[in-house]
>>> print(open('final.txt').read())   # compact mmCIF, C-alpha atoms and all ligand atoms
# COMPACT_ATOMS: atom_id res chain seq x y z
CA MET A 1 5.25 202.88 129.36
CA ILE A 2 8.49 202.51 127.48
CA THR A 3 9.73 205.54 125.53
CA PRO A 4 11.27 205.38 122.04
CA LYS A 5 14.65 206.19 123.57
CA GLU A 6 14.44 203.39 126.10
CA LEU A 7 13.30 200.93 123.45
CA ALA A 8 16.12 201.97 121.12
CA LYS A 9 18.65 201.50 123.91
CA LYS A 10 17.23 198.14 124.87
CA ILE A 11 17.39 196.92 121.28
CA GLN A 12 20.97 198.06 120.75
CA LYS A 13 22.13 196.62 124.05
CA GLN A 14 20.52 193.27 123.33
CA GLU A 15 21.94 192.92 119.80
CA ALA A 16 19.58 190.05 119.11
CA PHE A 17 19.20 190.72 115.40
CA ALA A 18 22.31 192.15 113.76
CA SER A 19 22.97 194.32 110.73
CA GLY A 20 24.34 192.85 107.54
CA GLY A 21 21.30 190.80 106.55
CA ARG A 22 20.12 190.77 102.98
CA TRP A 23 16.54 191.91 103.33
CA CYS A 24 15.56 194.62 100.83
CA ALA A 25 16.37 198.23 101.63
CA GLY A 26 13.41 199.62 103.56
CA CYS A 27 12.10 196.25 104.74
CA ALA A 28 9.82 196.31 107.78
CA PHE A 29 10.47 193.01 109.52
CA PRO A 30 13.88 193.85 111.04
CA MET A 31 12.21 196.49 113.22
CA ILE A 32 9.40 194.09 114.10
CA VAL A 33 11.82 191.30 115.04
CA ARG A 34 14.03 193.57 117.18
CA THR A 35 11.05 195.01 119.02
CA ILE A 36 9.55 191.60 119.77
CA LEU A 37 12.89 190.23 120.96
CA ALA A 38 13.44 193.27 123.18
CA ALA A 39 10.15 192.44 124.87
CA ALA A 40 11.11 188.76 125.20
CA GLY A 41 14.12 189.64 127.34
CA GLU A 42 17.47 187.95 127.85
CA ASN A 43 16.66 184.29 127.32
CA VAL A 44 14.67 183.54 124.22
CA VAL A 45 14.46 180.72 121.70
CA VAL A 46 13.28 181.56 118.20
CA SER A 47 11.84 179.32 115.56
CA ASN A 48 11.42 180.61 112.06
CA ALA A 49 9.32 179.34 109.18
CA THR A 50 10.72 179.47 105.69
CA GLY A 51 10.19 182.92 104.25
CA CYS A 52 11.88 186.26 103.59
CA LEU A 53 13.00 186.66 107.18
CA GLU A 54 14.61 183.24 107.35
CA VAL A 55 16.24 183.42 103.92
CA THR A 56 17.68 186.91 104.21
CA SER A 57 18.86 186.61 107.79
CA THR A 58 20.73 183.33 107.41
CA ILE A 59 22.61 183.05 104.19
CA TYR A 60 24.82 180.13 105.15
CA PRO A 61 27.30 180.35 106.83
CA TYR A 62 26.24 183.81 107.96
CA THR A 63 23.49 184.67 110.39
CA SER A 64 21.98 187.86 111.73
CA TRP A 65 20.65 186.16 114.84
CA GLY A 66 22.29 186.71 118.21
CA VAL A 67 19.87 184.38 120.00
CA PRO A 68 19.19 180.62 119.67
CA TRP A 69 17.33 180.16 116.43
CA ILE A 70 15.84 177.15 114.66
CA HIS A 71 14.66 177.13 111.10
CA ASN A 72 12.09 174.69 109.89
CA THR A 73 9.95 174.53 106.79
CA PHE A 74 6.94 176.66 105.96
CA GLU A 75 4.47 174.35 107.63
CA ASN A 76 5.97 173.74 111.01
CA ALA A 77 7.51 176.71 112.76
CA ALA A 78 4.89 176.34 115.49
CA ALA A 79 5.34 172.56 115.84
CA THR A 80 9.12 172.94 116.03
CA LEU A 81 8.81 175.51 118.77
CA SER A 82 6.31 173.30 120.60
CA GLY A 83 9.02 170.63 120.70
CA ALA A 84 11.63 173.02 122.05
CA GLU A 85 9.19 174.30 124.63
CA ALA A 86 8.23 170.76 125.65
CA ALA A 87 11.91 169.88 126.16
CA TYR A 88 12.36 172.97 128.34
CA ASP A 89 9.22 172.11 130.25
CA PHE A 90 10.50 168.56 130.83
CA ILE A 91 13.76 169.91 132.27
CA GLN A 92 11.84 172.19 134.62
CA LYS A 93 10.10 169.16 136.08
CA GLN A 94 13.28 167.17 136.77
CA ASP A 95 15.20 166.91 139.97
CA GLU A 96 18.26 169.12 139.55
CA LYS A 97 20.72 166.45 140.66
CA ASN A 98 19.66 164.12 137.84
CA LEU A 99 20.32 166.71 135.14
CA PRO A 100 23.48 167.10 133.05
CA LYS A 101 25.30 170.44 133.19
CA PHE A 102 23.34 172.18 130.44
CA GLY A 103 20.10 170.95 132.02
CA LYS A 104 21.06 172.47 135.35
CA GLU A 105 21.75 175.78 133.66
CA LEU A 106 18.46 175.68 131.82
CA LYS A 107 16.50 174.82 134.92
CA ASN A 108 17.52 178.08 136.50
CA LYS A 109 16.65 180.19 133.50
CA LYS A 110 13.33 181.72 132.57
CA VAL A 111 13.19 181.11 128.84
CA LYS A 112 10.68 182.62 126.40
CA PHE A 113 9.71 181.03 123.11
CA VAL A 114 8.78 182.88 119.97
CA ALA A 115 8.01 181.77 116.42
CA PHE A 116 8.20 184.04 113.40
CA GLY A 117 6.44 183.31 110.14
CA GLY A 118 5.33 185.35 107.16
CA ASP A 119 1.71 185.38 106.06
CA GLY A 120 2.35 182.52 103.63
CA GLY A 121 3.82 180.41 106.41
CA THR A 122 1.10 181.41 108.84
CA TYR A 123 -2.24 181.98 107.09
CA ASP A 124 -1.70 179.20 104.56
CA ILE A 125 0.97 176.55 104.88
CA GLY A 126 1.67 176.63 108.61
CA LEU A 127 -1.91 177.07 109.78
CA GLN A 128 -2.54 173.52 110.90
CA SER A 129 0.62 173.21 112.97
CA LEU A 130 -0.12 176.62 114.47
CA SER A 131 -3.63 175.47 115.30
CA GLY A 132 -2.21 172.33 116.92
CA ALA A 133 0.17 174.30 119.11
CA LEU A 134 -2.57 176.75 120.12
CA GLU A 135 -4.95 173.94 120.96
CA ARG A 136 -2.34 172.19 123.12
CA GLY A 137 -1.86 175.43 125.00
CA ASP A 138 1.89 175.48 124.59
CA ASP A 139 3.57 178.45 126.23
CA PHE A 140 4.85 180.51 123.33
CA VAL A 141 4.26 183.61 121.23
CA TYR A 142 3.63 183.35 117.51
CA VAL A 143 4.40 186.45 115.46
CA CYS A 144 3.28 186.77 111.86
CA TYR A 145 4.98 189.51 109.86
CA ASP A 146 2.25 190.11 107.35
CA ASN A 147 3.25 191.54 103.98
CA GLY A 148 0.23 190.09 102.23
CA ALA A 149 1.81 187.67 99.72
CA TYR A 150 4.63 185.18 99.20
CA MET A 151 7.19 187.94 98.79
CA ASN A 152 10.31 185.86 99.16
CA THR A 153 9.55 183.96 95.96
CA GLY A 154 8.43 187.08 94.14
CA ASN A 155 4.91 188.09 95.12
CA GLN A 156 2.52 185.17 94.79
CA ARG A 157 -0.96 185.47 96.21
CA SER A 158 -1.60 184.25 99.76
CA SER A 159 -4.82 184.15 101.76
CA ALA A 160 -3.59 187.35 103.41
CA SER A 161 -3.38 189.24 100.09
CA PRO A 162 -5.91 192.06 100.04
CA LEU A 163 -8.80 192.19 97.58
CA GLY A 164 -7.72 193.72 94.27
CA SER A 165 -3.97 193.44 94.84
CA SER A 166 -1.99 192.32 91.83
CA THR A 167 0.29 189.35 92.40
CA THR A 168 2.03 187.05 89.93
CA THR A 169 -0.54 184.30 90.52
CA ALA A 170 -3.54 186.65 90.56
CA PRO A 171 -2.30 189.41 88.25
CA ALA A 172 -4.25 192.42 87.10
CA GLY A 173 -5.24 192.11 83.45
CA LYS A 174 -8.23 192.78 81.21
CA GLU A 175 -10.55 190.19 82.75
CA HIS A 176 -9.37 190.06 86.30
CA LEU A 177 -8.31 192.95 88.47
CA GLY A 178 -5.97 191.16 90.85
CA LYS A 179 -7.13 189.04 93.74
CA GLU A 180 -10.88 188.50 93.81
CA GLU A 181 -11.28 187.30 97.37
CA LEU A 182 -11.13 189.11 100.69
CA ARG A 183 -8.37 188.57 103.23
CA LYS A 184 -8.64 185.76 105.69
CA ASP A 185 -9.18 186.91 109.27
CA LEU A 186 -6.29 185.10 110.94
CA LEU A 187 -6.84 186.47 114.42
CA LYS A 188 -10.42 185.23 114.51
CA ILE A 189 -9.10 181.77 113.77
CA ALA A 190 -6.52 182.13 116.52
CA LEU A 191 -9.21 183.35 118.91
CA ALA A 192 -11.36 180.34 118.18
CA HIS A 193 -8.78 178.35 120.19
CA ASN A 194 -9.70 180.42 123.25
CA ILE A 195 -6.09 181.43 123.89
CA PRO A 196 -5.19 184.10 126.46
CA TYR A 197 -3.87 186.76 124.13
CA VAL A 198 -4.20 187.87 120.53
CA ALA A 199 -3.14 191.20 119.04
CA GLN A 200 -2.74 193.10 115.83
CA GLY A 201 0.16 195.52 115.51
CA ALA A 202 1.94 197.46 112.80
CA VAL A 203 5.53 198.46 112.19
CA HIS A 204 4.96 202.22 112.41
CA ASP A 205 4.00 201.97 116.08
CA LEU A 206 6.80 200.01 117.70
CA ILE A 207 5.92 201.21 121.19
CA ASP A 208 2.43 199.76 120.80
CA LEU A 209 3.97 196.58 119.40
CA TYR A 210 6.42 196.35 122.30
CA ASN A 211 3.62 196.68 124.83
CA LYS A 212 1.62 193.99 123.09
CA ALA A 213 4.62 191.67 122.91
CA GLU A 214 5.33 192.20 126.60
CA LYS A 215 1.76 191.23 127.43
CA ALA A 216 1.94 188.23 125.10
CA PHE A 217 5.11 186.96 126.79
CA SER A 218 3.64 187.48 130.25
CA LYS A 219 0.80 185.00 129.55
CA LYS A 220 0.94 181.37 130.52
CA GLY A 221 -0.09 179.75 127.26
CA PRO A 222 -0.05 180.74 123.62
CA ALA A 223 -0.38 184.21 122.13
CA VAL A 224 -0.57 185.31 118.51
CA ILE A 225 0.45 188.71 117.15
CA ASP A 226 -0.17 189.68 113.54
CA VAL A 227 2.00 192.61 112.45
CA LEU A 228 1.63 194.63 109.27
CA SER A 229 4.95 194.53 107.46
CA PRO A 230 5.03 196.77 104.35
CA CYS A 231 7.14 195.41 101.52
CA VAL A 232 8.87 196.71 98.40
CA ASN A 233 6.61 194.39 96.40
CA TRP A 234 3.72 196.67 97.34
CA LYS A 235 5.49 199.00 94.93
CA ILE A 236 5.64 201.95 97.26
CA ALA A 237 8.03 204.91 97.10
CA PRO A 238 11.39 204.30 98.82
CA GLY A 239 11.44 205.28 102.46
CA THR A 240 7.66 205.13 102.92
CA THR A 241 7.54 201.88 104.89
CA MET A 242 6.42 203.55 108.09
CA GLU A 243 4.21 206.06 106.29
CA ILE A 244 2.12 203.45 104.47
CA SER A 245 1.75 201.44 107.67
CA ARG A 246 0.50 204.57 109.45
CA ILE A 247 -2.03 205.18 106.67
CA ALA A 248 -3.19 201.57 107.00
CA ALA A 249 -4.03 202.27 110.64
CA ASN A 250 -5.62 205.64 109.90
CA THR A 251 -7.91 204.20 107.22
CA CYS A 252 -8.79 201.32 109.58
CA PHE A 253 -7.65 198.92 106.89
CA TRP A 254 -5.32 197.69 109.64
CA PRO A 255 -6.78 198.47 113.06
CA LEU A 256 -4.49 198.17 116.05
CA TYR A 257 -6.16 196.11 118.76
CA GLU A 258 -5.74 193.30 121.22
CA VAL A 259 -7.92 190.64 122.79
CA ASP A 260 -6.72 190.05 126.32
CA GLU A 261 -8.43 187.12 128.07
CA GLY A 262 -11.41 187.52 125.77
CA LYS A 263 -11.67 191.28 126.18
CA TYR A 264 -11.25 193.39 123.05
CA LYS A 265 -9.39 196.65 123.21
CA ILE A 266 -8.74 198.92 120.27
CA THR A 267 -5.34 200.41 121.03
CA TYR A 268 -5.50 203.14 118.42
CA LYS A 269 -8.56 205.04 117.23
CA PRO A 270 -7.82 207.48 114.41
CA SER A 271 -9.17 210.94 115.13
CA LYS A 272 -10.29 211.07 111.52
CA LYS A 273 -10.85 207.81 109.69
CA LEU A 274 -9.36 208.20 106.22
CA LYS A 275 -10.85 206.70 103.06
CA VAL A 276 -9.30 203.39 102.10
CA GLU A 277 -8.24 204.93 98.76
CA GLU A 278 -5.54 206.78 100.63
CA PHE A 279 -4.02 203.45 101.52
CA LEU A 280 -4.46 201.88 98.08
CA LYS A 281 -3.39 204.82 95.92
CA PRO A 282 0.32 205.04 96.81
CA GLN A 283 0.81 201.33 96.09
CA GLY A 284 1.61 200.02 92.62
CA ARG A 285 -0.04 196.69 93.42
CA PHE A 286 -3.42 198.50 93.35
CA LYS A 287 -2.82 200.98 90.54
CA HIS A 288 -5.10 199.16 88.06
CA LEU A 289 -8.05 199.81 90.38
CA PHE A 290 -7.86 203.51 89.65
CA LYS A 291 -8.21 203.11 85.89
CA ASN A 292 -11.82 202.14 85.24
CA ALA A 293 -15.30 201.61 86.65
CA LYS A 294 -14.63 197.97 87.41
CA GLY A 295 -11.66 198.96 89.55
CA LYS A 296 -13.78 201.55 91.30
CA LYS A 297 -16.21 198.82 92.31
CA ILE A 298 -13.40 196.87 93.94
CA ILE A 299 -12.31 199.95 95.85
CA GLU A 300 -15.92 200.38 97.02
CA LYS A 301 -16.08 196.76 98.08
CA THR A 302 -12.79 197.14 99.98
CA GLN A 303 -14.17 200.23 101.74
CA LYS A 304 -17.33 198.37 102.67
CA GLU A 305 -15.37 195.49 104.14
CA VAL A 306 -13.04 197.82 106.05
CA ASP A 307 -16.09 199.62 107.47
CA ARG A 308 -17.78 196.36 108.38
CA ARG A 309 -14.75 195.03 110.24
CA TRP A 310 -14.16 198.34 112.00
CA GLU A 311 -17.80 198.49 113.14
CA GLU A 312 -17.63 194.91 114.28
CA LEU A 313 -14.44 195.55 116.20
CA GLN A 314 -15.94 198.51 118.03
CA GLU A 315 -19.02 196.51 118.90
CA LEU A 316 -16.93 193.61 120.12
CA GLU A 317 -14.99 196.02 122.30
CA ILE A 318 -18.18 197.24 123.93
CA PHE A 319 -19.70 193.77 124.16
CA THR A 320 -16.72 192.02 125.72
CA ASN A 321 -16.16 194.81 128.26
CA ARG A 322 -19.75 195.05 129.49
CA LYS A 323 -20.28 194.67 133.21
CA MET B 1 41.62 165.65 95.73
CA ASP B 2 42.39 165.94 99.43
CA LYS B 3 40.32 163.68 101.58
CA LYS B 4 38.68 165.46 104.48
CA THR B 5 38.18 163.85 107.81
CA SER B 6 34.85 164.14 109.55
CA LYS B 7 36.39 166.66 111.95
CA GLN B 8 37.10 169.14 109.16
CA ILE B 9 33.63 169.11 107.74
CA PRO B 10 31.22 171.43 109.51
CA ILE B 11 28.09 169.84 110.93
CA GLY B 12 25.33 170.30 108.40
CA GLY B 13 22.66 172.90 108.97
CA ILE B 14 24.29 174.46 112.00
CA ILE B 15 25.70 177.93 112.26
CA ASP B 16 27.82 177.95 115.39
CA LYS B 17 28.67 181.63 115.61
CA PRO B 18 26.06 184.32 116.23
CA LYS B 19 25.72 187.57 114.28
CA THR B 20 28.21 186.70 111.56
CA SER B 21 26.17 188.75 109.11
CA LEU B 22 28.15 191.67 110.53
CA LEU B 23 30.91 190.51 108.18
CA ASN B 24 28.63 191.31 105.29
CA LYS B 25 28.77 195.05 104.81
CA THR B 26 25.51 195.99 103.14
CA GLY B 27 26.57 199.62 102.90
CA ASP B 28 27.65 199.14 99.31
CA TRP B 29 24.01 198.69 98.27
CA LYS B 30 23.16 202.32 98.71
CA LYS B 31 22.72 205.03 96.13
CA MET B 32 21.72 207.67 98.66
CA ARG B 33 22.97 208.30 102.16
CA PRO B 34 21.51 210.22 105.10
CA VAL B 35 23.09 213.45 106.31
CA ILE B 36 21.96 214.70 109.70
CA ASP B 37 21.78 218.37 110.56
CA GLU B 38 23.01 218.37 114.16
CA SER B 39 21.57 221.81 114.87
CA LYS B 40 18.04 220.60 114.13
CA CYS B 41 18.13 217.18 115.82
CA ILE B 42 16.09 216.92 119.02
CA HIS B 43 17.41 213.40 119.83
CA CYS B 44 13.99 211.78 119.84
CA ALA B 45 15.41 208.40 118.66
CA LYS B 46 12.67 207.95 116.04
CA CYS B 47 15.25 207.47 113.28
CA VAL B 48 17.14 204.97 115.42
CA LEU B 49 14.04 202.83 115.88
CA SER B 50 12.92 203.14 112.27
CA CYS B 51 16.14 202.00 110.64
CA PRO B 52 15.91 198.45 109.26
CA GLU B 53 19.69 198.09 109.43
CA ASN B 54 19.88 199.26 113.03
CA CYS B 55 22.79 201.41 111.91
CA ILE B 56 21.99 204.67 113.66
CA ALA B 57 23.51 204.52 117.13
CA ILE B 58 21.91 205.63 120.35
CA LYS B 59 24.34 206.71 123.04
CA LYS B 60 24.24 205.85 126.73
CA ASP B 61 22.98 209.33 127.60
CA GLY B 62 20.03 208.85 125.22
CA LYS B 63 21.43 211.08 122.49
CA ARG B 64 21.48 209.94 118.91
CA GLY B 65 24.90 208.79 117.71
CA ASP B 66 26.44 208.40 114.27
CA VAL B 67 25.12 206.55 111.25
CA ASN B 68 27.19 203.49 110.46
CA LEU B 69 27.41 203.80 106.70
CA ASP B 70 28.98 200.34 106.45
CA PHE B 71 25.47 198.93 106.79
CA CYS B 72 23.14 201.74 105.68
CA LYS B 73 21.26 200.62 102.55
CA GLY B 74 20.04 204.12 101.81
CA CYS B 75 16.36 203.29 102.17
CA GLY B 76 15.48 206.80 103.34
CA ILE B 77 13.08 205.79 106.12
CA CYS B 78 15.03 207.76 108.72
CA ALA B 79 14.70 210.95 106.66
CA LYS B 80 10.94 210.45 106.28
CA GLU B 81 10.41 209.65 109.96
CA CYS B 82 12.44 212.46 111.53
CA PRO B 83 9.81 214.79 113.02
CA VAL B 84 11.92 217.93 112.60
CA GLY B 85 13.32 217.24 109.14
CA ALA B 86 16.90 216.99 110.36
CA ILE B 87 17.83 214.25 107.89
CA THR B 88 18.33 214.71 104.17
CA MET B 89 19.22 212.03 101.70
CA VAL B 90 22.09 212.93 99.39
CA GLU B 91 23.66 211.03 96.53
CA ASP B 92 26.34 208.66 97.76
CA LYS B 93 29.44 209.13 95.67
S1 LIG C 1 18.75 205.40 104.98
FE1 LIG C 1 17.71 203.55 105.77
S2 LIG C 1 19.39 202.14 106.23
FE2 LIG C 1 20.31 204.17 106.05
S3 LIG C 1 20.33 204.99 108.13
FE3 LIG C 1 18.42 205.71 107.19
S4 LIG C 1 16.90 204.20 107.77
FE4 LIG C 1 18.92 203.27 108.13
S1 LIG C 2 14.55 211.38 114.13
FE1 LIG C 2 15.50 213.36 113.69
S2 LIG C 2 15.28 214.51 115.59
FE2 LIG C 2 14.92 212.36 116.10
S3 LIG C 2 16.95 211.61 116.75
FE3 LIG C 2 16.75 211.16 114.55
S4 LIG C 2 17.70 212.92 113.53
FE4 LIG C 2 17.31 213.52 115.65
>>> encode(input="final.txt", output="structure tokens", more="lines below")
Ligand code: SF4
Ligand code: SF4
Amino acid sequence: MITPKELAKKIQKQEAFASGGRWCAGCAFPMIVRTILAAAGENVVVSNATGCLEVTSTIYPYTSWGVPWIHNTFENAAATLSGAEAAYDFIQKQDEKNLPKFGKELKNKKVKFVAFGGDGGTYDIGLQSLSGALERGDDFVYVCYDNGAYMNTGNQRSSASPLGSSTTTAPAGKEHLGKEELRKDLLKIALAHNIPYVAQGAVHDLIDLYNKAEKAFSKKGPAVIDVLSPCVNWKIAPGTTMEISRIAANTCFWPLYEVDEGKYKITYKPSKKLKVEEFLKPQGRFKHLFKNAKGKKIIEKTQKEVDRRWEELQELEIFTNRK
Amino acid sequence: MDKKTSKQIPIGGIIDKPKTSLLNKTGDWKKMRPVIDESKCIHCAKCVLSCPENCIAIKKDGKRGDVNLDFCKGCGICAKECPVGAITMVEDK
């Protein structure tokens, strides 16, 4: 297993995602991107849906990327990457003597393909092109950095926004206490395509994320990784990006697990499962829930849902690993 | 107005040099900056990995290097993540 030191060295040697980008201070996705790219290795092609990551990393004519990178709109990061992967695949099948110079070079390279999208570009707008690419079995890894809303445009509700969170399109007021629906379960949708690998990671455990990414890249066919990416719009104290992510895992609001060839494995089991309040309380986007009985009900409902999903996950782990 | 030829106009939508964001020193965003107590540091590299700006160096021998304040945004994650409390955030004046 890779150590933090080795991972840090790998990242700094690779220089795939440079400093100088304009993401907010304390943003989580730079660490996620660097870790995923370290696992991808030397030759990687990135496609990026519209979103915070794309906007802040490529303010024209500047770019933070040190690897080939294609931006396309919200809805088609996966389709764009499918095209790039298909072109690469075509070159692999050609006779070397018929290829132009760049084709010859490409033919002798093992190239990995990875798409990055936020939850808006993944759960909502890009879902159908992602589904298409998964169904076709294209050989790529899709990574969603999940901050639970359209943060780039200023915190609008997405289908990844948690129950009770206040966003500008589902704000907390007298009648409504933030979002009234539960989060969509993206990975279940991904799994419904019967793809070889699906995983959930979080920014506070980059070693776990690296291992998952390595597995994802080793598969022939598509893989999806959903990574919790805490955001300043959660209204958390400065510097607590990693801390809040850790609490998310310890409350089982955000379990760390993978599904490898249909087999579930929970990669982190908290020794003591914390109450979901511990995750909600430090975040301004949930502060209205702590003010009255109605808010308390939403917290209870959140706890119930967290418990249900955690139970289900444990049962699926047992069920899919039975002899 | 000078007429430009097609050769002088950059191709739309293409950035032909990698990592040019390095020209954009984000260090001037910060209000606080990290100060590392060398006597406490155990060189675990946690701060290096946790920094969004990738501005804490790791040396070839695995030891932690200096903080590049040209890019540090002063987020304070490194100070929170250091397991031995070797990093304190001080006002950047
Ligand atoms: S304060 Fe933030 S940006 Fe500065 S070195 Fe620490 S983690 Fe990096
Ligand atoms: S986290 Fe603390 S102990 Fe670890 S390398 Fe950084 S300063 Fe040193």
>>> residues_near_ligand(input="final.txt", ligand="ligand LIG 2 (chain C)", cutoff="7 Å", atoms="only C-alpha atoms and all ligand atoms", output="list in words")
Ile36, Lys40, Cys41, Ile42, His43, Cys44, Ala45, Lys46, Cys47, Val48, Arg64, Cys78, Glu81, Cys82, Pro83, Val84, Gly85, Ala86 and Ile87 of chain B
>>> closest_atom_pairs(input="final.txt", of="chain B", to="chain A", cutoff="8 Å", atoms="all atoms listed in the file", output="JSON lines")
{"residue": "B:Ile15", "atom": "CA", "partner": "A:Pro61", "partner_atom": "CA", "distance": 6.2}
{"residue": "B:Lys17", "atom": "CA", "partner": "A:Thr63", "partner_atom": "CA", "distance": 8.0}
{"residue": "B:Pro18", "atom": "CA", "partner": "A:Gly66", "partner_atom": "CA", "distance": 4.9}
{"residue": "B:Lys19", "atom": "CA", "partner": "A:Ser64", "partner_atom": "CA", "distance": 4.5}
{"residue": "B:Thr20", "atom": "CA", "partner": "A:Tyr62", "partner_atom": "CA", "distance": 5.0}
{"residue": "B:Ser21", "atom": "CA", "partner": "A:Gly20", "partner_atom": "CA", "distance": 4.8}
{"residue": "B:Leu22", "atom": "CA", "partner": "A:Gly20", "partner_atom": "CA", "distance": 5.0}
{"residue": "B:Leu23", "atom": "CA", "partner": "A:Gly20", "partner_atom": "CA", "distance": 7.0}
{"residue": "B:Asn24", "atom": "CA", "partner": "A:Gly20", "partner_atom": "CA", "distance": 5.1}
{"residue": "B:Lys25", "atom": "CA", "partner": "A:Gly20", "partner_atom": "CA", "distance": 5.6}
{"residue": "B:Thr26", "atom": "CA", "partner": "A:Gly20", "partner_atom": "CA", "distance": 5.5}
{"residue": "B:Cys44", "atom": "CA", "partner": "A:Lys5", "partner_atom": "CA", "distance": 6.8}
{"residue": "B:Ala45", "atom": "CA", "partner": "A:Lys5", "partner_atom": "CA", "distance": 5.4}
{"residue": "B:Lys46", "atom": "CA", "partner": "A:Pro4", "partner_atom": "CA", "distance": 6.7}
{"residue": "B:Val48", "atom": "CA", "partner": "A:Ala8", "partner_atom": "CA", "distance": 6.5}
{"residue": "B:Leu49", "atom": "CA", "partner": "A:Ala8", "partner_atom": "CA", "distance": 5.7}
{"residue": "B:Ser50", "atom": "CA", "partner": "A:Met31", "partner_atom": "CA", "distance": 6.8}
{"residue": "B:Cys51", "atom": "CA", "partner": "A:Met31", "partner_atom": "CA", "distance": 7.2}
{"residue": "B:Pro52", "atom": "CA", "partner": "A:Pro30", "partner_atom": "CA", "distance": 5.3}
{"residue": "B:Glu53", "atom": "CA", "partner": "A:Ser19", "partner_atom": "CA", "distance": 5.2}
{"residue": "B:Asn54", "atom": "CA", "partner": "A:Ser19", "partner_atom": "CA", "distance": 6.3}
{"residue": "B:Cys55", "atom": "CA", "partner": "A:Ser19", "partner_atom": "CA", "distance": 7.2}
{"residue": "B:Ala57", "atom": "CA", "partner": "A:Gln12", "partner_atom": "CA", "distance": 7.8}
{"residue": "B:Ile58", "atom": "CA", "partner": "A:Lys9", "partner_atom": "CA", "distance": 6.4}
{"residue": "B:Lys59", "atom": "CA", "partner": "A:Lys9", "partner_atom": "CA", "distance": 7.8}
{"residue": "B:Lys60", "atom": "CA", "partner": "A:Lys9", "partner_atom": "CA", "distance": 7.6}
{"residue": "B:Gly62", "atom": "CA", "partner": "A:Lys5", "partner_atom": "CA", "distance": 6.2}
{"residue": "B:Phe71", "atom": "CA", "partner": "A:Gly20", "partner_atom": "CA", "distance": 6.2}
{"residue": "B:Lys73", "atom": "CA", "partner": "A:Ala25", "partner_atom": "CA", "distance": 5.5}
{"residue": "B:Gly74", "atom": "CA", "partner": "A:Ala25", "partner_atom": "CA", "distance": 6.9}
{"residue": "B:Cys75", "atom": "CA", "partner": "A:Gly26", "partner_atom": "CA", "distance": 4.9}
{"residue": "B:Gly76", "atom": "CA", "partner": "A:Gly239", "partner_atom": "CA", "distance": 4.4}
{"residue": "B:Ile77", "atom": "CA", "partner": "A:Gly239", "partner_atom": "CA", "distance": 4.0}
{"residue": "B:Cys78", "atom": "CA", "partner": "A:Gly239", "partner_atom": "CA", "distance": 7.6}
{"residue": "B:Ala79", "atom": "CA", "partner": "A:Gly239", "partner_atom": "CA", "distance": 7.8}
{"residue": "B:Lys80", "atom": "CA", "partner": "A:Gly239", "partner_atom": "CA", "distance": 6.4}
{"residue": "B:Glu81", "atom": "CA", "partner": "A:Met242", "partner_atom": "CA", "distance": 7.5}
>>> residues_around(input="final.txt", residues="range 116-126 of chain A", least_positions_apart="5", cutoff="8 Å", atoms="only C-alpha atoms", output="mmCIF file with C-alpha atoms, keeping the file's coordinate frame")
data_model
loop_
_atom_site.group_PDB
_atom_site.id
_atom_site.type_symbol
_atom_site.label_atom_id
_atom_site.label_comp_id
_atom_site.auth_asym_id
_atom_site.auth_seq_id
_atom_site.Cartn_x
_atom_site.Cartn_y
_atom_site.Cartn_z
ATOM 1 C CA VAL A 46 13.280 181.560 118.200
ATOM 2 C CA SER A 47 11.840 179.320 115.560
ATOM 3 C CA ASN A 48 11.420 180.610 112.060
ATOM 4 C CA ALA A 49 9.320 179.340 109.180
ATOM 5 C CA THR A 50 10.720 179.470 105.690
ATOM 6 C CA GLY A 51 10.190 182.920 104.250
ATOM 7 C CA CYS A 52 11.880 186.260 103.590
ATOM 8 C CA LEU A 53 13.000 186.660 107.180
ATOM 9 C CA PHE A 74 6.940 176.660 105.960
ATOM 10 C CA GLU A 75 4.470 174.350 107.630
ATOM 11 C CA ASN A 76 5.970 173.740 111.010
ATOM 12 C CA ALA A 77 7.510 176.710 112.760
ATOM 13 C CA ALA A 78 4.890 176.340 115.490
ATOM 14 C CA TYR A 142 3.630 183.350 117.510
ATOM 15 C CA VAL A 143 4.400 186.450 115.460
ATOM 16 C CA CYS A 144 3.280 186.770 111.860
ATOM 17 C CA TYR A 145 4.980 189.510 109.860
ATOM 18 C CA ASP A 146 2.250 190.110 107.350
ATOM 19 C CA ASN A 147 3.250 191.540 103.980
ATOM 20 C CA GLY A 148 0.230 190.090 102.230
ATOM 21 C CA ALA A 149 1.810 187.670 99.720
ATOM 22 C CA TYR A 150 4.630 185.180 99.200
ATOM 23 C CA SER A 158 -1.600 184.250 99.760
ATOM 24 C CA SER A 159 -4.820 184.150 101.760
ATOM 25 C CA ALA A 160 -3.590 187.350 103.410
ATOM 26 C CA LYS A 184 -8.640 185.760 105.690
ATOM 27 C CA LEU A 186 -6.290 185.100 110.940
#
>>> atom_distance(input="final.txt", atom1="CA of Leu134 in chain A", atom2="CA of Glu312 in chain A")
24.3 Å
>>> atom_distance(input="final.txt", atom1="CA of Ile36 in chain A", atom2="CA of Ala213 in chain A")
5.8 Å
>>> atom_distance(input="final.txt", atom1="CA of Cys72 in chain B", atom2="CA of Glu38 in chain B")
18.7 Å
>>> residues_around(input="final.txt", residues="range 273-289 of chain A", least_positions_apart="3", cutoff="10 Å", atoms="all atoms listed in the file", output="ChimeraX atom specification")
/A:162-167,171-174,177-178,232-237,240,243-253,269-270,292-300,302-304,306-307
>>> residues_around(input="final.txt", residues="Pro196 in chain A", least_positions_apart="5", cutoff="12 Å", atoms="all atoms listed in the file", output="list in words")
Leu134, Glu135, Gly137, Asp138, Asp139, Phe140, Val141, Ala190, Leu191, Lys215, Ala216, Phe217, Ser218, Lys219, Lys220, Gly221, Pro222, Ala223, Val224, Ile225, Glu258, Val259, Asp260, Glu261, Gly262, Lys263 and Tyr264 of chain A
